[in-house]
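Peer 1: Got a structure here, written out as structure tokens. Questions coming.
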Amino acid sequence: MTIDVAAAERFVHANARLLDRHRLAALRGRSADPVLTALRAYRNPDGGFGHALEPDVRTPDSETTCALHALEVLAEVGALGDDMVAPTVDWLAANDVDGGVPFVLPGAAAYPHGPWMVPTPGGSHLTFGVVGVLAAVDLDHPWIARATEWCWDKLERPDELNAYWVKYALVFLDAVADAARATAVIDRFRPLLDEHGSVPVPGGTADERLTALTLSPHPGSRSRALFTDDQLEVDLDRLERGQHEDGGWTFDWLGWSPGQSAEWRGIVTLRALSALSLNGRISV
């Protein structure tokens, strides 16, 4: 199989958001400064992020999914020391419900959103993702400690976690400082995986599942212990085969609006290029 990297880059330039075009440039070794400038356009005065930074919730108001997406972008370009981070954590702390952060805030209902983007009781799986990203930051904030304990408490019952909870729990466990404790918990996730190293998404589309590479994208991470080399190679082959004739990749969850679908295709194309590069299949 051969990846057409040039076609993928043309797809991003033709279809993706300005932010994601700058992310592509950073992936290729250019300055991250334009990424930060584009990301700031999604900020709100309250310190959070909105404006469909996460394409499935299209409110201009700050949302927890958008805060996580912003932190992931900052981590990707090595900019977690940027002055956007502390106000984002303050905003997350202000929206704490039980130590964790909610999945969606009630105000999102007034704007276009994916049918699954509705409030749920208590803290959500996004908490794992946020704390996992922030583990790389030397930020003395009381909410981070509170949220970390929330995460450990949820991991007392790993058999109760489904697909996206598993994905973001592994983000947390790959990054949290207590490596011995994290490694022991990761091993308890084995019964949740099928023979391919995948987890189905309940309530998703017929074929929607989180695969080994989605659950553990980084070589050398603690979570890689859950997957065999064969499972990862098969998943990398699947990812290679997923490139479309237009050069881009697509997603397996519901496409509910043209704007959402176009924006997600740009993002997942970037993710595909990044994953294939990290795992030695291509050079970008």
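By order in the structure tokens, chains are A, B, ...; within a chain, residues start at 1; ligands start at 1, following the order shown.
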Please provide as an mmCIF file with all heavy atoms, in the first residue's frame all residues within 10 Å of Pro115 in chain A, with the sequence filter that same-chain residues fewer than 5 positions apart are discarded (counting only C-alpha atoms).
Peer 2:
data_model
loop_
_atom_site.group_PDB
_atom_site.id
_atom_site.type_symbol
_atom_site.label_atom_id
_atom_site.label_comp_id
_atom_site.auth_asym_id
_atom_site.auth_seq_id
_atom_site.Cartn_x
_atom_site.Cartn_y
_atom_site.Cartn_z
ATOM 1 N N ASP A 56 -18.729 19.145 16.434
ATOM 2 C CA ASP A 56 -20.063 18.596 16.680
ATOM 3 C C ASP A 56 -20.913 19.447 17.618
ATOM 4 O O ASP A 56 -22.088 19.134 17.821
ATOM 5 C CB ASP A 56 -19.957 17.175 17.239
ATOM 6 C CG ASP A 56 -19.609 16.176 16.156
ATOM 7 O OD1 ASP A 56 -20.171 16.288 15.061
ATOM 8 O OD2 ASP A 56 -18.780 15.287 16.408
ATOM 9 N N VAL A 57 -20.349 20.494 18.201
ATOM 10 C CA VAL A 57 -21.148 21.385 19.046
ATOM 11 C C VAL A 57 -20.849 22.814 18.596
ATOM 12 O O VAL A 57 -19.759 23.332 18.811
ATOM 13 C CB VAL A 57 -20.891 21.150 20.551
ATOM 14 C CG1 VAL A 57 -19.424 21.286 20.908
ATOM 15 C CG2 VAL A 57 -21.753 22.035 21.416
ATOM 16 N N ALA A 109 -27.779 23.491 23.559
ATOM 17 C CA ALA A 109 -29.048 23.060 22.957
ATOM 18 C C ALA A 109 -29.646 24.119 22.043
ATOM 19 O O ALA A 109 -30.432 23.800 21.151
ATOM 20 C CB ALA A 109 -30.041 22.688 24.056
ATOM 21 N N LEU A 254 -21.576 9.701 12.835
ATOM 22 C CA LEU A 254 -22.630 10.320 12.034
ATOM 23 C C LEU A 254 -22.198 11.665 11.470
ATOM 24 O O LEU A 254 -21.740 12.543 12.210
ATOM 25 C CB LEU A 254 -23.890 10.502 12.893
ATOM 26 C CG LEU A 254 -25.088 11.147 12.203
ATOM 27 C CD1 LEU A 254 -25.634 10.253 11.100
ATOM 28 C CD2 LEU A 254 -26.191 11.457 13.232
ATOM 29 N N TRP A 256 -23.747 14.807 10.307
ATOM 30 C CA TRP A 256 -25.096 15.365 10.455
ATOM 31 C C TRP A 256 -25.245 16.748 9.812
ATOM 32 O O TRP A 256 -26.350 17.278 9.750
ATOM 33 C CB TRP A 256 -25.502 15.430 11.928
ATOM 34 C CG TRP A 256 -24.548 16.203 12.795
ATOM 35 C CD1 TRP A 256 -23.467 15.710 13.455
ATOM 36 C CD2 TRP A 256 -24.590 17.606 13.089
ATOM 37 N NE1 TRP A 256 -22.812 16.712 14.136
ATOM 38 C CE2 TRP A 256 -23.492 17.889 13.924
ATOM 39 C CE3 TRP A 256 -25.444 18.647 12.730
ATOM 40 C CZ2 TRP A 256 -23.222 19.163 14.402
ATOM 41 C CZ3 TRP A 256 -25.176 19.920 13.209
ATOM 42 C CH2 TRP A 256 -24.081 20.157 14.037
#
Peer 1: Can you tell me which residues surround Thr250 in chain A at a distance of at most 8 Å, considering only C-alpha atoms, apart from same-chain residues fewer than 6 positions away, and format the answer as a PDB file with all heavy atoms, in the first residue's frame?
Peer 2:
ATOM      1  N   GLY A 242      -7.607   3.533   4.061  1.00  0.00           N
ATOM      2  CA  GLY A 242      -8.706   4.475   4.257  1.00  0.00           C
ATOM      3  C   GLY A 242      -8.565   5.779   3.511  1.00  0.00           C
ATOM      4  O   GLY A 242      -9.492   6.603   3.547  1.00  0.00           O
ATOM      5  N   HIS A 244      -9.032   8.280   0.698  1.00  0.00           N
ATOM      6  CA  HIS A 244      -9.982   8.366  -0.401  1.00  0.00           C
ATOM      7  C   HIS A 244      -9.311   8.915  -1.657  1.00  0.00           C
ATOM      8  O   HIS A 244      -8.197   9.439  -1.616  1.00  0.00           O
ATOM      9  CB  HIS A 244     -11.155   9.263   0.007  1.00  0.00           C
ATOM     10  CG  HIS A 244     -12.075   8.620   1.002  1.00  0.00           C
ATOM     11  ND1 HIS A 244     -13.436   8.710   0.926  1.00  0.00           N
ATOM     12  CD2 HIS A 244     -11.830   7.863   2.106  1.00  0.00           C
ATOM     13  CE1 HIS A 244     -13.999   8.048   1.932  1.00  0.00           C
ATOM     14  NE2 HIS A 244     -13.027   7.538   2.660  1.00  0.00           N
ATOM     15  N   TRP A 264     -14.570  17.857  10.136  1.00  0.00           N
ATOM     16  CA  TRP A 264     -14.029  16.622  10.697  1.00  0.00           C
ATOM     17  C   TRP A 264     -13.120  15.905   9.709  1.00  0.00           C
ATOM     18  O   TRP A 264     -12.107  15.322  10.092  1.00  0.00           O
ATOM     19  CB  TRP A 264     -15.148  15.693  11.141  1.00  0.00           C
ATOM     20  CG  TRP A 264     -15.546  15.864  12.570  1.00  0.00           C
ATOM     21  CD1 TRP A 264     -16.793  16.140  13.062  1.00  0.00           C
ATOM     22  CD2 TRP A 264     -14.686  15.759  13.722  1.00  0.00           C
ATOM     23  NE1 TRP A 264     -16.759  16.220  14.437  1.00  0.00           N
ATOM     24  CE2 TRP A 264     -15.490  15.987  14.864  1.00  0.00           C
ATOM     25  CE3 TRP A 264     -13.332  15.500  13.893  1.00  0.00           C
ATOM     26  CZ2 TRP A 264     -14.979  15.962  16.156  1.00  0.00           C
ATOM     27  CZ3 TRP A 264     -12.813  15.476  15.184  1.00  0.00           C
ATOM     28  CH2 TRP A 264     -13.629  15.706  16.293  1.00  0.00           C
ATOM     29  N   ARG A 265     -13.449  15.942   8.412  1.00  0.00           N
ATOM     30  CA  ARG A 265     -12.575  15.277   7.449  1.00  0.00           C
ATOM     31  C   ARG A 265     -11.182  15.918   7.436  1.00  0.00           C
ATOM     32  O   ARG A 265     -10.172  15.216   7.322  1.00  0.00           O
ATOM     33  CB  ARG A 265     -13.183  15.295   6.051  1.00  0.00           C
ATOM     34  CG  ARG A 265     -14.337  14.306   5.865  1.00  0.00           C
ATOM     35  CD  ARG A 265     -14.523  13.966   4.393  1.00  0.00           C
ATOM     36  NE  ARG A 265     -13.397  13.202   3.872  1.00  0.00           N
ATOM     37  CZ  ARG A 265     -13.088  13.102   2.580  1.00  0.00           C
ATOM     38  NH1 ARG A 265     -13.818  13.735   1.673  1.00  0.00           N
ATOM     39  NH2 ARG A 265     -12.046  12.384   2.182  1.00  0.00           N
ATOM     40  N   VAL A 268      -9.534  14.547  10.723  1.00  0.00           N
ATOM     41  CA  VAL A 268      -9.140  13.136  10.708  1.00  0.00           C
ATOM     42  C   VAL A 268      -8.054  12.875   9.661  1.00  0.00           C
ATOM     43  O   VAL A 268      -7.253  11.943   9.825  1.00  0.00           O
ATOM     44  CB  VAL A 268     -10.345  12.188  10.519  1.00  0.00           C
ATOM     45  CG1 VAL A 268     -11.346  12.348  11.651  1.00  0.00           C
ATOM     46  CG2 VAL A 268     -11.019  12.373   9.182  1.00  0.00           C
ATOM     47  N   THR A 269      -7.991  13.676   8.621  1.00  0.00           N
ATOM     48  CA  THR A 269      -6.893  13.542   7.669  1.00  0.00           C
ATOM     49  C   THR A 269      -5.574  13.914   8.330  1.00  0.00           C
ATOM     50  O   THR A 269      -4.556  13.228   8.163  1.00  0.00           O
ATOM     51  CB  THR A 269      -7.159  14.395   6.422  1.00  0.00           C
ATOM     52  OG1 THR A 269      -8.333  13.910   5.767  1.00  0.00           O
ATOM     53  CG2 THR A 269      -5.984  14.360   5.454  1.00  0.00           C
TER      54      THR A 269
END
Peer 1: May I have all residues of range 41-278 of chain A that DSSP, computed from the backbone, assigns to helix (DSSP H, G or I), given as a ChimeraX atom specification?
Peer 2: /A:64-76,85-94,106-110,126-134,142-154,158-160,163-175,179-187,190-192,212-215,222-226,229-241,258-278
Peer 1: What lies within 12 Å of Ala94 in chain A using only C-alpha atoms, ignoring chain neighbours under 5 positions off, as a compact mmCIF listing (two decimals) with N, CA, C and O atoms, in the first residue's frame?
Peer 2:
# COMPACT_ATOMS: atom_id res chain seq x y z
N ASP A 46 -14.33 34.43 28.80
CA ASP A 46 -14.36 33.68 30.06
C ASP A 46 -13.18 32.73 30.22
O ASP A 46 -13.04 32.05 31.23
N GLY A 47 -12.30 32.67 29.22
CA GLY A 47 -11.13 31.80 29.29
C GLY A 47 -11.30 30.48 28.59
O GLY A 47 -10.32 29.75 28.38
N GLY A 48 -12.54 30.15 28.22
CA GLY A 48 -12.80 28.90 27.52
C GLY A 48 -12.75 29.07 26.02
O GLY A 48 -12.39 30.13 25.49
N SER A 62 -18.42 28.92 25.29
CA SER A 62 -17.37 27.98 25.70
C SER A 62 -17.98 26.62 26.04
O SER A 62 -19.04 26.53 26.66
N GLU A 63 -17.28 25.57 25.61
CA GLU A 63 -17.71 24.19 25.84
C GLU A 63 -16.52 23.35 26.29
O GLU A 63 -15.38 23.62 25.92
N THR A 64 -16.81 22.32 27.06
CA THR A 64 -15.74 21.46 27.55
C THR A 64 -15.06 20.69 26.42
O THR A 64 -13.84 20.49 26.44
N PRO A 87 -5.91 30.19 31.91
CA PRO A 87 -7.31 30.60 31.89
C PRO A 87 -8.26 29.48 31.47
O PRO A 87 -9.41 29.42 31.95
N THR A 88 -7.79 28.59 30.63
CA THR A 88 -8.62 27.45 30.26
C THR A 88 -8.87 26.54 31.45
O THR A 88 -9.99 26.07 31.67
N VAL A 89 -7.82 26.31 32.24
CA VAL A 89 -7.99 25.49 33.45
C VAL A 89 -8.91 26.19 34.45
O VAL A 89 -9.75 25.56 35.08
N GLY A 99 -15.91 17.07 40.57
CA GLY A 99 -14.49 16.78 40.42
C GLY A 99 -14.13 16.65 38.96
O GLY A 99 -12.98 16.86 38.58
N GLY A 100 -15.11 16.29 38.15
CA GLY A 100 -14.91 16.18 36.71
C GLY A 100 -15.59 17.32 35.99
O GLY A 100 -16.17 18.21 36.60
N VAL A 101 -15.52 17.30 34.66
CA VAL A 101 -16.18 18.32 33.86
C VAL A 101 -17.29 17.68 33.04
O VAL A 101 -17.17 16.52 32.62
N PRO A 102 -18.37 18.41 32.80
CA PRO A 102 -19.49 17.83 32.05
C PRO A 102 -19.15 17.61 30.59
O PRO A 102 -18.22 18.22 30.05
N PRO A 142 -5.36 23.92 42.00
CA PRO A 142 -6.04 22.95 42.86
C PRO A 142 -7.03 22.06 42.12
O PRO A 142 -7.26 20.91 42.52
N TRP A 143 -7.62 22.57 41.04
CA TRP A 143 -8.59 21.74 40.33
C TRP A 143 -7.93 20.53 39.68
O TRP A 143 -8.54 19.46 39.59
Peer 1: Could you produce a table of the residues of range 74-184 of chain A lying within 12 Å of range 209-232 of chain A, with the nearest pair of atoms per residue and their separation in Å rounded to one decimal, using only C-alpha atoms, ordered by chain and increasing residue number, as a Markdown table?
Peer 2:
| residue | atom | partner | partner_atom | distance |
| --- | --- | --- | --- | --- |
| A:Asn162 | CA | A:Leu210 | CA | 10.3 |
| A:Ala163 | CA | A:Leu210 | CA | 6.7 |
| A:Tyr164 | CA | A:Leu210 | CA | 7.9 |
| A:Trp165 | CA | A:Leu215 | CA | 10.4 |
| A:Val166 | CA | A:Leu215 | CA | 7.7 |
| A:Lys167 | CA | A:Leu215 | CA | 5.1 |
| A:Tyr168 | CA | A:Leu215 | CA | 8.1 |
| A:Ala169 | CA | A:Leu215 | CA | 9.5 |
| A:Leu170 | CA | A:Ser223 | CA | 6.3 |
| A:Val171 | CA | A:Ser216 | CA | 8.1 |
| A:Phe172 | CA | A:Ser223 | CA | 10.0 |
| A:Leu173 | CA | A:Arg222 | CA | 7.5 |
| A:Asp174 | CA | A:Arg222 | CA | 5.3 |
| A:Ala175 | CA | A:Arg222 | CA | 8.5 |
| A:Val176 | CA | A:Arg222 | CA | 10.4 |
| A:Ala177 | CA | A:Arg222 | CA | 11.8 |
| A:Asp178 | CA | A:Arg222 | CA | 11.6 |
| A:Ala179 | CA | A:Arg222 | CA | 8.4 |
| A:Ala180 | CA | A:Arg222 | CA | 10.1 |
| A:Arg181 | CA | A:Arg222 | CA | 11.2 |
| A:Ala182 | CA | A:Arg222 | CA | 8.1 |
| A:Thr183 | CA | A:Arg222 | CA | 6.6 |
| A:Ala184 | CA | A:Arg222 | CA | 10.2 |
